[in-house]
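This is model-v4.cif. It holds mmCIF, C-alpha atoms.
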```
data_start
#
loop_
_atom_site.label_atom_id
_atom_site.label_comp_id
_atom_site.auth_asym_id
_atom_site.auth_seq_id
_atom_site.Cartn_x
_atom_site.Cartn_y
_atom_site.Cartn_z
CA MET A 1 -45.39 19.67 -10.32
CA ASP A 2 -43.74 23.01 -9.57
CA ARG A 3 -40.72 23.42 -7.28
CA THR A 4 -42.86 22.76 -4.20
CA THR A 5 -42.14 19.28 -2.87
CA ILE A 6 -44.52 16.90 -1.19
CA GLU A 7 -42.53 17.54 2.00
CA ASP A 8 -43.44 21.24 1.71
CA LEU A 9 -47.09 20.27 1.54
CA VAL A 10 -46.84 18.23 4.70
CA THR A 11 -44.68 20.54 6.79
CA GLY A 12 -45.09 23.88 5.05
CA PRO A 13 -42.19 26.17 4.17
CA GLN A 14 -39.41 25.91 6.74
CA GLY A 15 -41.57 23.57 8.83
CA ALA A 16 -44.22 26.25 9.40
CA GLY A 17 -47.17 23.85 9.43
CA PRO A 18 -49.41 22.27 6.82
CA GLY A 19 -49.14 23.60 3.29
CA VAL A 20 -51.98 25.74 2.09
CA ASP A 21 -52.63 24.16 -1.28
CA ALA A 22 -52.40 20.40 -0.77
CA ARG A 23 -55.48 20.00 -2.97
CA ARG A 24 -53.51 21.25 -5.97
CA HIS A 25 -50.70 18.75 -5.36
CA SER A 26 -52.79 15.68 -4.57
CA GLY A 27 -53.16 14.79 -8.25
CA PRO A 28 -49.43 14.78 -8.99
CA ALA A 29 -48.78 12.92 -5.74
CA ILE A 30 -51.25 10.13 -6.49
CA ARG A 31 -49.98 9.80 -10.06
CA ALA A 32 -46.42 9.44 -8.74
CA PHE A 33 -47.68 6.87 -6.24
CA PHE A 34 -49.31 4.79 -8.97
CA ARG A 35 -46.17 4.94 -11.15
CA ILE A 36 -43.97 3.79 -8.26
CA SER A 37 -46.47 1.06 -7.35
CA ALA A 38 -46.41 -0.23 -10.92
CA GLU A 39 -42.60 -0.23 -11.04
CA TRP A 40 -42.44 -2.12 -7.75
CA GLY A 41 -45.16 -4.56 -8.82
CA LEU A 42 -47.36 -3.84 -5.80
CA SER A 43 -50.71 -5.53 -5.33
CA VAL A 44 -53.88 -3.55 -4.66
CA GLU A 45 -53.76 -4.63 -1.00
CA GLU A 46 -50.17 -3.46 -0.66
CA GLN A 47 -51.06 -0.12 -2.23
CA LEU A 48 -54.05 0.31 0.08
CA ASP A 49 -51.83 -0.33 3.10
CA LEU A 50 -49.16 2.10 1.91
CA LEU A 51 -51.76 4.82 1.41
CA GLY A 52 -53.49 4.01 4.71
CA LEU A 53 -56.69 3.66 2.71
CA GLU A 54 -59.47 1.25 3.63
CA SER A 55 -61.89 1.99 0.79
CA ARG A 56 -61.24 -0.07 -2.29
CA SER A 57 -63.81 1.97 -4.23
CA THR A 58 -61.95 5.21 -3.43
CA TYR A 59 -58.69 3.58 -4.50
CA PHE A 60 -60.17 2.43 -7.83
CA ASN A 61 -61.75 5.86 -8.43
CA TRP A 62 -58.37 7.51 -7.85
CA LYS A 63 -56.65 5.00 -10.08
CA ARG A 64 -59.17 5.43 -12.88
CA ALA A 65 -59.16 9.24 -12.70
CA GLN A 66 -55.41 9.51 -11.92
CA ASP A 67 -56.50 12.19 -9.49
CA ALA A 68 -57.30 12.35 -5.79
CA ARG A 69 -57.86 14.59 -2.81
CA LEU A 70 -55.25 13.32 -0.39
CA ASP A 71 -55.30 14.22 3.27
CA ARG A 72 -52.20 15.22 5.23
CA ASP A 73 -51.52 11.63 6.34
CA GLN A 74 -51.66 10.35 2.77
CA LEU A 75 -49.44 13.17 1.49
CA GLU A 76 -46.90 12.30 4.17
CA ARG A 77 -47.02 8.64 3.17
CA VAL A 78 -46.46 9.50 -0.49
CA SER A 79 -43.63 11.82 0.53
CA HIS A 80 -41.86 8.95 2.30
CA LEU A 81 -42.44 6.66 -0.67
CA LEU A 82 -40.91 9.25 -3.00
CA GLY A 83 -37.90 9.48 -0.67
CA ILE A 84 -37.56 5.68 -0.63
CA TYR A 85 -37.84 5.56 -4.41
CA LYS A 86 -35.19 8.28 -4.82
CA ALA A 87 -32.81 6.62 -2.37
CA LEU A 88 -33.10 3.27 -4.12
CA ARG A 89 -32.31 4.88 -7.48
CA ILE A 90 -29.19 6.40 -5.95
CA LEU A 91 -28.06 3.24 -4.13
CA PHE A 92 -28.52 0.64 -6.86
CA PRO A 93 -26.72 0.57 -10.21
CA SER A 94 -29.75 -0.65 -12.15
CA VAL A 95 -33.46 0.12 -12.16
CA PRO A 96 -34.46 -3.57 -11.86
CA GLN A 97 -32.29 -3.95 -8.73
CA ALA A 98 -33.74 -0.78 -7.21
CA ASN A 99 -37.31 -1.86 -7.95
CA ALA A 100 -36.79 -5.40 -6.63
CA TRP A 101 -35.29 -4.29 -3.29
CA VAL A 102 -38.61 -3.56 -1.56
CA LYS A 103 -39.75 -7.19 -1.93
CA LYS A 104 -36.49 -9.00 -1.21
CA PRO A 105 -35.73 -10.42 2.24
CA ASN A 106 -33.35 -8.13 4.09
CA SER A 107 -30.90 -9.15 6.81
CA ALA A 108 -30.53 -5.67 8.32
CA PRO A 109 -31.82 -5.61 11.94
CA LEU A 110 -34.61 -3.17 11.02
CA PHE A 111 -36.16 -5.77 8.71
CA GLU A 112 -35.58 -8.97 10.71
CA GLY A 113 -35.05 -11.00 7.53
CA LYS A 114 -38.29 -9.77 5.96
CA PRO A 115 -38.69 -7.55 2.89
CA ALA A 116 -38.75 -3.79 3.46
CA LEU A 117 -42.30 -3.76 2.12
CA VAL A 118 -43.46 -5.56 5.26
CA ARG A 119 -42.11 -2.71 7.38
CA MET A 120 -43.43 -0.08 4.97
CA ARG A 121 -46.95 -1.49 5.29
CA GLU A 122 -46.92 -0.78 9.04
CA GLY A 123 -47.89 2.84 8.42
CA ILE A 124 -46.11 6.16 8.62
CA ARG A 125 -43.66 4.93 11.26
CA GLY A 126 -42.66 2.02 9.04
CA LEU A 127 -42.33 4.22 5.98
CA PHE A 128 -40.25 6.72 7.95
CA ALA A 129 -38.03 3.95 9.32
CA VAL A 130 -37.33 2.53 5.85
CA ARG A 131 -36.72 5.98 4.40
CA SER A 132 -34.35 6.87 7.25
CA TYR A 133 -32.50 3.58 6.83
CA LEU A 134 -32.01 4.17 3.10
CA ASP A 135 -31.01 7.80 3.60
CA ALA A 136 -28.38 6.66 6.09
CA GLN A 137 -27.14 4.00 3.66
CA ARG A 138 -26.66 6.60 0.95
CA GLY A 139 -24.93 8.99 3.31
CA GLY A 140 -27.43 11.67 4.17
CA TRP A 141 -30.74 13.40 3.63
CA ALA A 142 -29.80 15.54 0.63
#
```
Could you take the file, read its structure, and then write that structure out as structure tokens?
Amino acid sequence: MDRTTIEDLVTGPQGAGPGVDARRHSGPAIRAFFRISAEWGLSVEEQLDLLGLESRSTYFNWKRAQDARLDRDQLERVSHLLGIYKALRILFPSVPQANAWVKKPNSAPLFEGKPALVRMREGIRGLFAVRSYLDAQRGGWA
């Protein structure tokens, strides 16, 4: 993927609106999603929820082809997942700890004793909430 980020695709340069070439970036985004899902040990159902996808056949076609045509909602979801992934790699000293965090019960008020994955499966708001929480824990959005 070039220097354009998934965030640029969702918001456009300097927040100007949707990016113009999301089609070109959907493939890299879905491949990143599948790599993160594998590292986190996510089930098919969990992956469907995170993508906001109801069609299992579409999911399996994307997985087989390692390519997709993601809509704006799905690009935003993947963007938040990439932010969560990045934050976890910064916050935890080891990859296994970072990968395990999403499925471990969490005592922070946001999670109410449940794993972050439960909140993440609630949709974009849940993904945004988890990403914001982690960004705050690591000391910023940079």
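As for CA of Leu75 in chain A and CA of Arg24 in chain A, they are spaced 11.7 Å apart.
Relative to CA of Arg31 in chain A, CA of Tyr59 in chain A is found at 12.1 Å.
The coordinates place CA of Gln137 in chain A at 25.2 Å from CA of Ala29 in chain A.
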Among listed residues A:Val78, A:Leu88, A:Leu50, A:Val44, nearest Arg119 in chain A (using only C-alpha atoms): A:Leu50
With distances taken over all atoms listed in the file, which of A:Leu51, A:Ala87, A:Ala68, A:Ala100 is nearest to Arg131 in chain A?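 Checking each of A:Leu51, A:Ala87, A:Ala68, A:Ala100 against Arg131 in chain A, counting all atoms listed in the file, the winner is A:Ala87.
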Which of A:Lys63, A:Arg69, A:Val102, A:Lys86 sits closest to Leu42 in chain A [using only C-alpha atoms]: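 Going through A:Lys63, A:Arg69, A:Val102, A:Lys86 one by one, the smallest distance to Leu42 in chain A is for A:Val102.
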Got a sec: who's within 10 Å of Glu122 in chain A, counting only C-alpha atoms, leaving out chain neighbours fewer than 5 positions off, as an mmCIF file with C-alpha atoms, in the coordinates of the input?
```cif
data_model
loop_
_atom_site.group_PDB
_atom_site.id
_atom_site.type_symbol
_atom_site.label_atom_id
_atom_site.label_comp_id
_atom_site.auth_asym_id
_atom_site.auth_seq_id
_atom_site.Cartn_x
_atom_site.Cartn_y
_atom_site.Cartn_z
ATOM 1 C CA ASP A 49 -51.830 -0.330 3.100
ATOM 2 C CA LEU A 50 -49.160 2.100 1.910
ATOM 3 C CA GLY A 52 -53.490 4.010 4.710
ATOM 4 C CA LEU A 117 -42.300 -3.760 2.120
ATOM 5 C CA LEU A 127 -42.330 4.220 5.980
#
```
Between A:Pro109, A:Gly41, A:Ile30, A:Asn99, which is the closest to Arg64 in chain A once you count all atoms listed in the file?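 Counting all atoms listed in the file, the residue closest to Arg64 in chain A is A:Ile30.
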So which one's closest to Gln47 in chain A, A:Val95, A:Leu81, A:Leu110, A:Ile90? Using only C-alpha atoms, please.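 The answer is A:Leu81, which sits nearest to Gln47 in chain A.
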Residue nearest Trp40 in chain A among A:Val130, A:Ile124, A:Leu82, A:Ala98 (counting all atoms listed in the file):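 When distances to Trp40 in chain A are compared using all atoms listed in the file, the smallest one comes from A:Ala98.
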Taking every listed atom of range 125-129 of chain A and adding 6 Å to each side, what centre and edge lengths in Å (one decimal) does the axis-aligned box have, as AutoDock Vina command-line options?
```
--center_x -40.8 --center_y 4.4 --center_z 8.6 --size_x 17.6 --size_y 16.7 --size_z 17.3
```
Applying 10 Å and all atoms listed in the file, which residues near Ser132 in chain A remain after dropping the ones on its own chain fewer than 4 positions away? List them as a ChimeraX atom specification. /A:80,83-84,87,126-128,136-138,140-141
Working from the structure I just supplied, which lacks atoms in range 93-120 of chain A, can you model N, CA and C atoms there and output them as a PDB file, in the frame of the given file?
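What landed in result_12.pdb:
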```pdb
ATOM      1  N   PRO A  93     -27.226   0.228  -8.883  1.00  0.00           N
ATOM      2  CA  PRO A  93     -26.720   0.570 -10.210  1.00  0.00           C
ATOM      3  C   PRO A  93     -27.738   0.354 -11.337  1.00  0.00           C
ATOM      4  N   SER A  94     -28.778  -0.421 -11.086  1.00  0.00           N
ATOM      5  CA  SER A  94     -29.750  -0.650 -12.150  1.00  0.00           C
ATOM      6  C   SER A  94     -31.175  -0.477 -11.627  1.00  0.00           C
ATOM      7  N   VAL A  95     -32.052  -0.076 -12.515  1.00  0.00           N
ATOM      8  CA  VAL A  95     -33.460   0.120 -12.160  1.00  0.00           C
ATOM      9  C   VAL A  95     -34.095  -1.188 -11.681  1.00  0.00           C
ATOM     10  N   PRO A  96     -33.867  -2.326 -12.360  1.00  0.00           N
ATOM     11  CA  PRO A  96     -34.460  -3.570 -11.860  1.00  0.00           C
ATOM     12  C   PRO A  96     -34.025  -3.918 -10.434  1.00  0.00           C
ATOM     13  N   GLN A  97     -32.752  -3.683 -10.095  1.00  0.00           N
ATOM     14  CA  GLN A  97     -32.290  -3.950  -8.730  1.00  0.00           C
ATOM     15  C   GLN A  97     -32.985  -3.019  -7.736  1.00  0.00           C
ATOM     16  N   ALA A  98     -33.090  -1.748  -8.086  1.00  0.00           N
ATOM     17  CA  ALA A  98     -33.740  -0.780  -7.210  1.00  0.00           C
ATOM     18  C   ALA A  98     -35.204  -1.160  -6.987  1.00  0.00           C
ATOM     19  N   ASN A  99     -35.892  -1.530  -8.057  1.00  0.00           N
ATOM     20  CA  ASN A  99     -37.310  -1.860  -7.950  1.00  0.00           C
ATOM     21  C   ASN A  99     -37.543  -3.163  -7.183  1.00  0.00           C
ATOM     22  N   ALA A 100     -36.627  -4.102  -7.290  1.00  0.00           N
ATOM     23  CA  ALA A 100     -36.790  -5.400  -6.630  1.00  0.00           C
ATOM     24  C   ALA A 100     -36.509  -5.335  -5.127  1.00  0.00           C
ATOM     25  N   TRP A 101     -35.750  -4.352  -4.677  1.00  0.00           N
ATOM     26  CA  TRP A 101     -35.290  -4.290  -3.290  1.00  0.00           C
ATOM     27  C   TRP A 101     -36.438  -4.330  -2.287  1.00  0.00           C
ATOM     28  N   VAL A 102     -37.525  -3.654  -2.550  1.00  0.00           N
ATOM     29  CA  VAL A 102     -38.610  -3.560  -1.560  1.00  0.00           C
ATOM     30  C   VAL A 102     -39.235  -4.918  -1.240  1.00  0.00           C
ATOM     31  N   LYS A 103     -39.123  -5.883  -2.144  1.00  0.00           N
ATOM     32  CA  LYS A 103     -39.750  -7.190  -1.930  1.00  0.00           C
ATOM     33  C   LYS A 103     -38.768  -8.305  -1.586  1.00  0.00           C
ATOM     34  N   LYS A 104     -37.490  -7.981  -1.535  1.00  0.00           N
ATOM     35  CA  LYS A 104     -36.490  -9.000  -1.210  1.00  0.00           C
ATOM     36  C   LYS A 104     -36.262  -9.083   0.292  1.00  0.00           C
ATOM     37  N   PRO A 105     -36.076 -10.297   0.821  1.00  0.00           N
ATOM     38  CA  PRO A 105     -35.730 -10.420   2.240  1.00  0.00           C
ATOM     39  C   PRO A 105     -34.476  -9.619   2.548  1.00  0.00           C
ATOM     40  N   ASN A 106     -34.450  -9.017   3.729  1.00  0.00           N
ATOM     41  CA  ASN A 106     -33.350  -8.130   4.090  1.00  0.00           C
ATOM     42  C   ASN A 106     -32.818  -8.524   5.461  1.00  0.00           C
ATOM     43  N   SER A 107     -31.511  -8.705   5.551  1.00  0.00           N
ATOM     44  CA  SER A 107     -30.900  -9.150   6.810  1.00  0.00           C
ATOM     45  C   SER A 107     -30.575  -8.024   7.780  1.00  0.00           C
ATOM     46  N   ALA A 108     -30.784  -6.785   7.399  1.00  0.00           N
ATOM     47  CA  ALA A 108     -30.530  -5.670   8.320  1.00  0.00           C
ATOM     48  C   ALA A 108     -31.468  -5.806   9.531  1.00  0.00           C
ATOM     49  N   PRO A 109     -31.000  -5.447  10.721  1.00  0.00           N
ATOM     50  CA  PRO A 109     -31.820  -5.610  11.940  1.00  0.00           C
ATOM     51  C   PRO A 109     -33.213  -4.967  11.843  1.00  0.00           C
ATOM     52  N   LEU A 110     -33.319  -3.848  11.163  1.00  0.00           N
ATOM     53  CA  LEU A 110     -34.610  -3.170  11.020  1.00  0.00           C
ATOM     54  C   LEU A 110     -35.661  -4.076  10.383  1.00  0.00           C
ATOM     55  N   PHE A 111     -35.222  -4.963   9.497  1.00  0.00           N
ATOM     56  CA  PHE A 111     -36.160  -5.770   8.710  1.00  0.00           C
ATOM     57  C   PHE A 111     -36.344  -7.187   9.234  1.00  0.00           C
ATOM     58  N   GLU A 112     -35.466  -7.643  10.101  1.00  0.00           N
ATOM     59  CA  GLU A 112     -35.580  -8.970  10.710  1.00  0.00           C
ATOM     60  C   GLU A 112     -35.737 -10.088   9.676  1.00  0.00           C
ATOM     61  N   GLY A 113     -35.009  -9.976   8.570  1.00  0.00           N
ATOM     62  CA  GLY A 113     -35.050 -11.000   7.530  1.00  0.00           C
ATOM     63  C   GLY A 113     -36.221 -10.897   6.580  1.00  0.00           C
ATOM     64  N   LYS A 114     -37.107  -9.944   6.809  1.00  0.00           N
ATOM     65  CA  LYS A 114     -38.290  -9.770   5.960  1.00  0.00           C
ATOM     66  C   LYS A 114     -38.026  -8.678   4.924  1.00  0.00           C
ATOM     67  N   PRO A 115     -38.823  -8.633   3.870  1.00  0.00           N
ATOM     68  CA  PRO A 115     -38.690  -7.550   2.890  1.00  0.00           C
ATOM     69  C   PRO A 115     -39.044  -6.192   3.507  1.00  0.00           C
ATOM     70  N   ALA A 116     -38.448  -5.149   2.985  1.00  0.00           N
ATOM     71  CA  ALA A 116     -38.750  -3.790   3.460  1.00  0.00           C
ATOM     72  C   ALA A 116     -40.226  -3.465   3.331  1.00  0.00           C
ATOM     73  N   LEU A 117     -40.876  -4.030   2.327  1.00  0.00           N
ATOM     74  CA  LEU A 117     -42.300  -3.760   2.120  1.00  0.00           C
ATOM     75  C   LEU A 117     -43.135  -4.131   3.339  1.00  0.00           C
ATOM     76  N   VAL A 118     -42.736  -5.172   4.046  1.00  0.00           N
ATOM     77  CA  VAL A 118     -43.460  -5.560   5.260  1.00  0.00           C
ATOM     78  C   VAL A 118     -43.425  -4.412   6.261  1.00  0.00           C
ATOM     79  N   ARG A 119     -42.254  -3.842   6.458  1.00  0.00           N
ATOM     80  CA  ARG A 119     -42.110  -2.710   7.380  1.00  0.00           C
ATOM     81  C   ARG A 119     -42.856  -1.480   6.864  1.00  0.00           C
ATOM     82  N   MET A 120     -42.777  -1.239   5.570  1.00  0.00           N
ATOM     83  CA  MET A 120     -43.430  -0.080   4.970  1.00  0.00           C
ATOM     84  C   MET A 120     -44.950  -0.137   5.136  1.00  0.00           C
TER      85      MET A 120
END
```
